[in-house]
Amino acid sequence: MSRTKGKSVCIFSAKGGVGKTVTTINLAGIFEHLEKKVLIVDLDLSSGGISVALNRAFEKTIYNFVDDYNNNRYKDFSNYITKYDDFIDILPSPKDPRQANKIDSKYIDILIDKAESNYDIVLIDTNHILDEINIVTLDKVDNILFVMTNDPLDIKNMKSLLSIFHDSNITNYRILLNNSTNPFKDYFSIFDIRNIIKANIDYTISSSFYLKNIDHYIMNGDVITLLKSMPTTFNKDYETFMTMALDTIGKPETEEKEEVEEGDANE
């Protein structure tokens, strides 16, 4: 029996330092609550930090996958994976930043196909540069999650980025306003931001999710959304992460059919 193809999500931004990696990791924790097998792909090839943030030592990386595939040594996708727990795996970025330039973008398409064949959810963390690697990734994935902050430069860059997507007729994205990265920046209201970027804000992470002791969690390799205290301590933001996850998975066909039939009956 063949496996159902998983869903892929690229977590992207128009500026660095907006909390993409933290968002990616905590979203993975929510998918674990939903008992989904998750792969986090660290596509910030020259300075990725997923394995550091999860405090996991690793042997193989994206570079090894590409190098083996290019030289006909590839055998099984699992050979390149680092395990976090029973539900979350990691495909780390290269150990040596110089290896990033040796990764041809044509293998990103292959990598995502392999990942989707082996996992329910594939979360791809990136840098914010619109280079060939990221363009291929954005074009390939099922969904894009833009992470932005209440920062004038970030808002300006996001407006430009969304204009490019609009001109290219790309609509498979949602926007997350992350107020937890710097809770002291509250220059604009959500209404103002929507008017500036000419797009809706789909999700908001509150400033309450700001963690002064974030290094403590990193040193322990903790996923905050997997902590027992998360649903009560950060109730609103936990619900936001859950909504993002459920939107990614989508409604089962049977549920959609029931809604359609219910709508027809009410007409």
# chains A, B, ... in the order shown; residues from 1 in each chain; ligands from 1
$ residues_around --residues "region 145-154 of chain A" --least-positions-apart "5" --cutoff "9 Å" --atoms "only C-alpha atoms" --output "ChimeraX atom specification"
/A:9-16,18-20,23,159,172-183,185-190,193
$ write_last_selection --atoms "N, CA, C and O atoms" --output "compact mmCIF listing (two decimals), in the first residue's frame"
# COMPACT_ATOMS: atom_id res chain seq x y z
N VAL A 9 5.66 22.80 3.76
CA VAL A 9 5.48 24.21 4.10
C VAL A 9 6.84 24.88 4.17
O VAL A 9 7.74 24.40 4.87
N CYS A 10 7.00 25.99 3.46
CA CYS A 10 8.22 26.78 3.55
C CYS A 10 7.96 27.96 4.47
O CYS A 10 7.01 28.72 4.27
N ILE A 11 8.80 28.11 5.50
CA ILE A 11 8.68 29.24 6.41
C ILE A 11 9.66 30.29 5.93
O ILE A 11 10.88 30.09 5.95
N PHE A 12 9.15 31.41 5.46
CA PHE A 12 9.95 32.42 4.77
C PHE A 12 9.68 33.80 5.36
O PHE A 12 8.72 34.00 6.11
N SER A 13 10.54 34.76 5.01
CA SER A 13 10.35 36.13 5.49
C SER A 13 11.03 37.10 4.53
O SER A 13 11.78 36.70 3.64
N ALA A 14 10.76 38.37 4.73
CA ALA A 14 11.37 39.41 3.90
C ALA A 14 12.57 40.03 4.59
O ALA A 14 13.23 40.90 4.04
N LYS A 15 12.87 39.56 5.80
CA LYS A 15 13.96 40.12 6.60
C LYS A 15 14.41 39.08 7.60
O LYS A 15 13.62 38.23 8.02
N GLY A 16 15.68 39.11 7.97
CA GLY A 16 16.19 38.17 8.96
C GLY A 16 15.80 38.59 10.37
O GLY A 16 15.38 39.73 10.61
N VAL A 18 13.32 37.50 12.35
CA VAL A 18 11.89 37.66 12.64
C VAL A 18 11.31 36.47 13.41
O VAL A 18 10.14 36.48 13.77
N GLY A 19 12.13 35.43 13.62
CA GLY A 19 11.67 34.28 14.40
C GLY A 19 11.23 33.10 13.57
O GLY A 19 10.41 32.28 14.02
N LYS A 20 11.79 32.95 12.37
CA LYS A 20 11.40 31.82 11.50
C LYS A 20 11.75 30.48 12.13
O LYS A 20 10.93 29.55 12.11
N THR A 23 9.57 29.67 15.11
CA THR A 23 8.23 29.36 14.60
C THR A 23 8.19 27.95 14.01
O THR A 23 7.27 27.17 14.27
N LYS A 159 6.02 44.26 1.91
CA LYS A 159 5.19 44.85 0.87
C LYS A 159 5.79 44.59 -0.51
O LYS A 159 5.08 44.21 -1.45
N ASN A 172 -0.59 30.76 -2.66
CA ASN A 172 -0.60 29.70 -1.63
C ASN A 172 0.21 30.08 -0.40
O ASN A 172 1.07 29.33 0.05
N TYR A 173 -0.06 31.27 0.12
CA TYR A 173 0.70 31.72 1.30
C TYR A 173 -0.25 32.29 2.35
O TYR A 173 -1.37 32.72 2.06
N ARG A 174 0.24 32.25 3.60
CA ARG A 174 -0.43 32.93 4.71
C ARG A 174 0.62 33.74 5.44
O ARG A 174 1.82 33.46 5.36
N ILE A 175 0.16 34.75 6.17
CA ILE A 175 1.09 35.69 6.83
C ILE A 175 0.92 35.61 8.34
O ILE A 175 -0.20 35.69 8.86
N LEU A 176 2.05 35.45 9.02
CA LEU A 176 2.08 35.42 10.48
C LEU A 176 2.78 36.67 11.00
O LEU A 176 3.93 36.94 10.65
N LEU A 177 2.08 37.45 11.80
CA LEU A 177 2.69 38.60 12.47
C LEU A 177 3.22 38.12 13.82
O LEU A 177 2.45 37.73 14.70
N ASN A 178 4.54 38.13 13.95
CA ASN A 178 5.18 37.61 15.15
C ASN A 178 5.59 38.77 16.07
O ASN A 178 6.61 39.41 15.86
N ASN A 179 4.77 39.02 17.09
CA ASN A 179 5.07 40.10 18.03
C ASN A 179 5.95 39.65 19.19
O ASN A 179 6.26 40.44 20.08
N SER A 180 6.34 38.37 19.19
CA SER A 180 7.11 37.85 20.32
C SER A 180 8.62 38.04 20.16
O SER A 180 9.36 37.96 21.13
N THR A 181 9.08 38.27 18.93
CA THR A 181 10.53 38.44 18.71
C THR A 181 11.04 39.69 19.39
O THR A 181 12.07 39.69 20.06
N ASN A 182 10.31 40.78 19.23
CA ASN A 182 10.65 42.03 19.91
C ASN A 182 9.36 42.70 20.37
O ASN A 182 8.75 43.47 19.62
N PRO A 183 8.93 42.40 21.59
CA PRO A 183 7.63 42.89 22.07
C PRO A 183 7.57 44.40 22.26
O PRO A 183 6.50 44.96 22.49
N LYS A 185 8.45 46.58 19.99
CA LYS A 185 8.16 47.23 18.71
C LYS A 185 6.67 47.06 18.41
O LYS A 185 6.22 45.99 18.01
N ASP A 186 5.94 48.13 18.63
CA ASP A 186 4.50 48.10 18.34
C ASP A 186 4.11 49.39 17.62
O ASP A 186 3.15 50.06 17.98
N TYR A 187 4.88 49.70 16.58
CA TYR A 187 4.71 50.96 15.88
C TYR A 187 3.37 51.07 15.16
O TYR A 187 2.78 52.13 15.07
N PHE A 188 2.92 49.94 14.60
CA PHE A 188 1.73 49.97 13.76
C PHE A 188 0.67 49.01 14.29
O PHE A 188 0.99 47.96 14.83
N SER A 189 -0.58 49.37 14.09
CA SER A 189 -1.67 48.47 14.41
C SER A 189 -1.79 47.45 13.28
O SER A 189 -1.24 47.64 12.19
N ILE A 190 -2.51 46.35 13.54
CA ILE A 190 -2.73 45.36 12.49
C ILE A 190 -3.45 45.99 11.30
O ILE A 190 -3.16 45.69 10.14
N ILE A 193 -0.86 47.78 9.27
CA ILE A 193 0.00 46.85 8.54
C ILE A 193 -0.73 46.29 7.33
O ILE A 193 -0.16 46.19 6.23
$ select_by_dssp --residues "region 30-211 of chain A" --states "alpha helix (DSSP H)" --output "count of residues only"
63
$ select_by_dssp --residues "region 53-128 of chain A" --states "strand (DSSP E or B)" --output "list of chain:residue names"
A:Thr82, A:Lys83, A:Ile88, A:Asp89, A:Ile90, A:Leu91, A:Ile121, A:Val122, A:Leu123, A:Ile124, A:Asp125
$ residues_around --residues "Ile197 (chain A)" --least-positions-apart "5" --cutoff "8 Å" --atoms "only C-alpha atoms" --output "JSON list (two decimals) with C-alpha atoms, in the first residue's frame"
[["chain", "number", "residue", "atom", "x", "y", "z"],
["A", 155, "ILE", "CA", 6.93, 45.85, 6.70],
["A", 156, "LYS", "CA", 8.49, 47.71, 3.78],
["A", 158, "MET", "CA", 7.18, 42.45, 3.01],
["A", 159, "LYS", "CA", 5.19, 44.85, 0.87],
["A", 162, "LEU", "CA", 4.11, 40.39, -1.74]]
$ residues_around --residues "Asn118 (chain A)" --least-positions-apart "2" --cutoff "12 Å" --atoms "only C-alpha atoms" --output "tab-separated table (two decimals) with N, CA and C atoms, in the first residue's frame"
chain	number	residue	atom	x	y	z
A	2	SER	N	0.68	2.14	-0.96
A	2	SER	CA	1.52	3.33	-1.08
A	2	SER	C	1.15	4.36	-0.02
A	3	ARG	N	2.13	5.15	0.37
A	3	ARG	CA	1.92	6.17	1.40
A	3	ARG	C	1.34	7.43	0.76
A	4	THR	N	0.41	8.08	1.48
A	4	THR	CA	-0.15	9.33	1.01
A	4	THR	C	0.92	10.41	1.06
A	5	LYS	N	1.01	11.21	0.02
A	5	LYS	CA	1.99	12.28	-0.06
A	5	LYS	C	1.77	13.29	1.06
A	6	GLY	N	2.87	13.65	1.73
A	6	GLY	CA	2.78	14.62	2.81
A	6	GLY	C	2.64	16.05	2.32
A	7	LYS	N	2.39	16.96	3.26
A	7	LYS	CA	2.27	18.39	2.96
A	7	LYS	C	3.59	19.08	3.27
A	8	SER	N	4.00	19.98	2.38
A	8	SER	CA	5.24	20.73	2.59
A	8	SER	C	4.93	22.20	2.81
A	36	LYS	N	1.41	13.60	13.83
A	36	LYS	CA	1.92	13.64	12.46
A	36	LYS	C	3.43	13.48	12.47
A	37	LYS	N	3.93	12.69	11.54
A	37	LYS	CA	5.37	12.50	11.39
A	37	LYS	C	5.93	13.71	10.67
A	38	VAL	N	6.88	14.40	11.30
A	38	VAL	CA	7.36	15.69	10.80
A	38	VAL	C	8.85	15.64	10.47
A	39	LEU	N	9.21	16.25	9.35
A	39	LEU	CA	10.62	16.48	9.03
A	39	LEU	C	10.86	17.97	8.96
A	76	ASP	N	18.93	5.48	0.57
A	76	ASP	CA	17.69	5.64	1.32
A	76	ASP	C	17.69	7.00	2.03
A	77	PHE	N	16.53	7.65	2.01
A	77	PHE	CA	16.42	9.00	2.57
A	77	PHE	C	16.73	9.03	4.07
A	78	SER	N	16.41	7.96	4.75
A	78	SER	CA	16.61	7.91	6.20
A	78	SER	C	18.09	8.01	6.60
A	81	ILE	N	18.98	11.58	7.94
A	81	ILE	CA	18.09	12.16	8.94
A	81	ILE	C	18.67	12.06	10.35
A	89	ASP	N	11.86	14.59	13.03
A	89	ASP	CA	13.21	14.35	12.50
A	89	ASP	C	13.76	15.66	11.92
A	111	LEU	N	14.77	16.56	-3.30
A	111	LEU	CA	14.77	16.44	-1.84
A	111	LEU	C	13.36	16.57	-1.28
A	112	ILE	N	12.62	17.58	-1.74
A	112	ILE	CA	11.27	17.79	-1.23
A	112	ILE	C	10.35	16.63	-1.60
A	113	ASP	N	10.51	16.10	-2.82
A	113	ASP	CA	9.72	14.93	-3.23
A	113	ASP	C	9.99	13.74	-2.31
A	114	LYS	N	11.26	13.49	-2.01
A	114	LYS	CA	11.62	12.38	-1.12
A	114	LYS	C	11.04	12.61	0.28
A	115	ALA	N	11.14	13.84	0.76
A	115	ALA	CA	10.65	14.15	2.10
A	115	ALA	C	9.14	13.97	2.18
A	116	GLU	N	8.42	14.44	1.17
A	116	GLU	CA	6.96	14.32	1.17
A	116	GLU	C	6.51	12.86	1.08
A	120	ASP	N	4.49	13.02	6.97
A	120	ASP	CA	3.18	13.66	6.86
A	120	ASP	C	3.32	15.16	6.60
A	121	ILE	N	4.30	15.75	7.30
A	121	ILE	CA	4.53	17.19	7.20
A	121	ILE	C	6.01	17.46	7.01
A	122	VAL	N	6.33	18.32	6.05
A	122	VAL	CA	7.71	18.75	5.83
A	122	VAL	C	7.77	20.26	6.04
$ closest_residue --among "A:Val22, A:Ile144, A:Ile90, A:Ile135" --to "Val41 (chain A)" --atoms "only C-alpha atoms"
A:Ile90
$ atom_distance --atom1 "CA of Asp125 (chain A)" --atom2 "CA of Ile249 (chain A)"
18.0 Å
$ residues_around --residues "region 232-241 of chain A" --least-positions-apart "4" --cutoff "9 Å" --atoms "only C-alpha atoms" --output "VMD selection string"
chain A and resid 23 26 to 27 30 203 to 206 208 to 209 225 228 245 to 246
$ write_last_selection --atoms "all heavy atoms" --output "tab-separated table (two decimals), in the first residue's frame"
chain	number	residue	atom	x	y	z
A	23	THR	N	9.57	29.67	15.11
A	23	THR	CA	8.23	29.36	14.60
A	23	THR	C	8.19	27.95	14.01
A	23	THR	O	7.27	27.17	14.27
A	23	THR	CB	7.81	30.37	13.53
A	23	THR	OG1	7.77	31.69	14.10
A	23	THR	CG2	6.45	30.03	12.95
A	26	ASN	N	8.37	25.24	16.84
A	26	ASN	CA	7.15	25.16	17.64
A	26	ASN	C	5.97	24.65	16.83
A	26	ASN	O	5.08	23.98	17.36
A	26	ASN	CB	6.84	26.51	18.26
A	26	ASN	CG	7.71	26.80	19.46
A	26	ASN	OD1	7.72	26.06	20.43
A	26	ASN	ND2	8.48	27.88	19.39
A	27	LEU	N	5.96	24.93	15.54
A	27	LEU	CA	4.92	24.37	14.67
A	27	LEU	C	5.09	22.86	14.57
A	27	LEU	O	4.10	22.11	14.57
A	27	LEU	CB	5.00	25.02	13.29
A	27	LEU	CG	3.80	24.87	12.35
A	27	LEU	CD1	2.50	25.26	13.03
A	27	LEU	CD2	4.02	25.68	11.08
A	30	ILE	N	3.47	21.20	17.49
A	30	ILE	CA	2.01	21.09	17.37
A	30	ILE	C	1.64	19.90	16.49
A	30	ILE	O	0.70	19.15	16.80
A	30	ILE	CB	1.42	22.39	16.79
A	30	ILE	CG1	1.62	23.56	17.75
A	30	ILE	CG2	-0.07	22.20	16.48
A	30	ILE	CD1	0.89	23.42	19.07
A	203	TYR	N	-2.43	35.19	10.95
A	203	TYR	CA	-2.19	34.73	12.32
A	203	TYR	C	-1.34	35.77	13.05
A	203	TYR	O	-0.56	36.50	12.43
A	203	TYR	CB	-1.42	33.40	12.33
A	203	TYR	CG	-1.91	32.38	11.35
A	203	TYR	CD1	-1.16	32.08	10.20
A	203	TYR	CD2	-3.10	31.68	11.55
A	203	TYR	CE1	-1.58	31.13	9.29
A	203	TYR	CE2	-3.53	30.73	10.64
A	203	TYR	CZ	-2.77	30.46	9.51
A	203	TYR	OH	-3.19	29.52	8.61
A	204	THR	N	-1.49	35.79	14.36
A	204	THR	CA	-0.66	36.68	15.19
A	204	THR	C	-0.16	35.93	16.41
A	204	THR	O	-0.95	35.31	17.14
A	204	THR	CB	-1.47	37.91	15.66
A	204	THR	OG1	-1.97	38.62	14.52
A	204	THR	CG2	-0.59	38.84	16.48
A	205	ILE	N	1.15	35.98	16.62
A	205	ILE	CA	1.75	35.48	17.87
A	205	ILE	C	1.95	36.69	18.76
A	205	ILE	O	2.59	37.67	18.36
A	205	ILE	CB	3.09	34.77	17.61
A	205	ILE	CG1	2.88	33.52	16.76
A	205	ILE	CG2	3.77	34.41	18.93
A	205	ILE	CD1	2.03	32.46	17.40
A	206	SER	N	1.42	36.65	19.96
A	206	SER	CA	1.41	37.81	20.83
A	206	SER	C	2.77	38.08	21.46
A	206	SER	O	3.65	37.21	21.50
A	206	SER	CB	0.36	37.63	21.93
A	206	SER	OG	0.80	36.68	22.88
A	208	SER	N	3.26	38.21	24.46
A	208	SER	CA	3.34	37.39	25.67
A	208	SER	C	4.21	36.15	25.46
A	208	SER	O	4.69	35.55	26.43
A	208	SER	CB	1.93	36.95	26.11
A	208	SER	OG	1.13	38.06	26.40
A	209	PHE	N	4.39	35.77	24.20
A	209	PHE	CA	5.20	34.58	23.90
A	209	PHE	C	6.70	34.90	23.88
A	209	PHE	O	7.52	34.04	23.61
A	209	PHE	CB	4.76	34.00	22.55
A	209	PHE	CG	5.20	32.57	22.32
A	209	PHE	CD1	4.81	31.56	23.18
A	209	PHE	CD2	5.99	32.25	21.23
A	209	PHE	CE1	5.22	30.25	22.97
A	209	PHE	CE2	6.41	30.94	21.00
A	209	PHE	CZ	6.01	29.94	21.88
A	225	THR	N	6.23	24.20	22.46
A	225	THR	CA	4.85	23.74	22.29
A	225	THR	C	4.65	22.30	22.77
A	225	THR	O	3.52	21.83	22.86
A	225	THR	CB	4.41	23.85	20.82
A	225	THR	OG1	5.41	23.25	19.98
A	225	THR	CG2	4.20	25.30	20.42
A	228	LYS	N	4.38	20.62	28.84
A	228	LYS	CA	3.05	20.42	29.41
A	228	LYS	C	2.40	21.73	29.82
A	228	LYS	O	1.17	21.86	29.83
A	228	LYS	CB	3.14	19.48	30.62
A	228	LYS	CG	3.50	18.05	30.27
A	228	LYS	CD	3.52	17.17	31.51
A	228	LYS	CE	3.86	15.72	31.15
A	228	LYS	NZ	3.91	14.85	32.35
A	245	ALA	N	-1.43	24.82	12.16
A	245	ALA	CA	-1.21	23.41	11.84
A	245	ALA	C	-2.44	22.81	11.16
A	245	ALA	O	-2.32	22.11	10.14
A	245	ALA	CB	-0.87	22.63	13.10
A	246	LEU	N	-3.61	23.08	11.71
A	246	LEU	CA	-4.84	22.52	11.15
A	246	LEU	C	-5.13	23.10	9.77
A	246	LEU	O	-5.63	22.40	8.88
A	246	LEU	CB	-6.02	22.79	12.09
A	246	LEU	CG	-5.97	22.05	13.43
A	246	LEU	CD1	-7.11	22.49	14.34
A	246	LEU	CD2	-6.01	20.54	13.23
$ atom_distance --atom1 "CA of Asp222 (chain A)" --atom2 "CA of Glu35 (chain A)"
17.9 Å
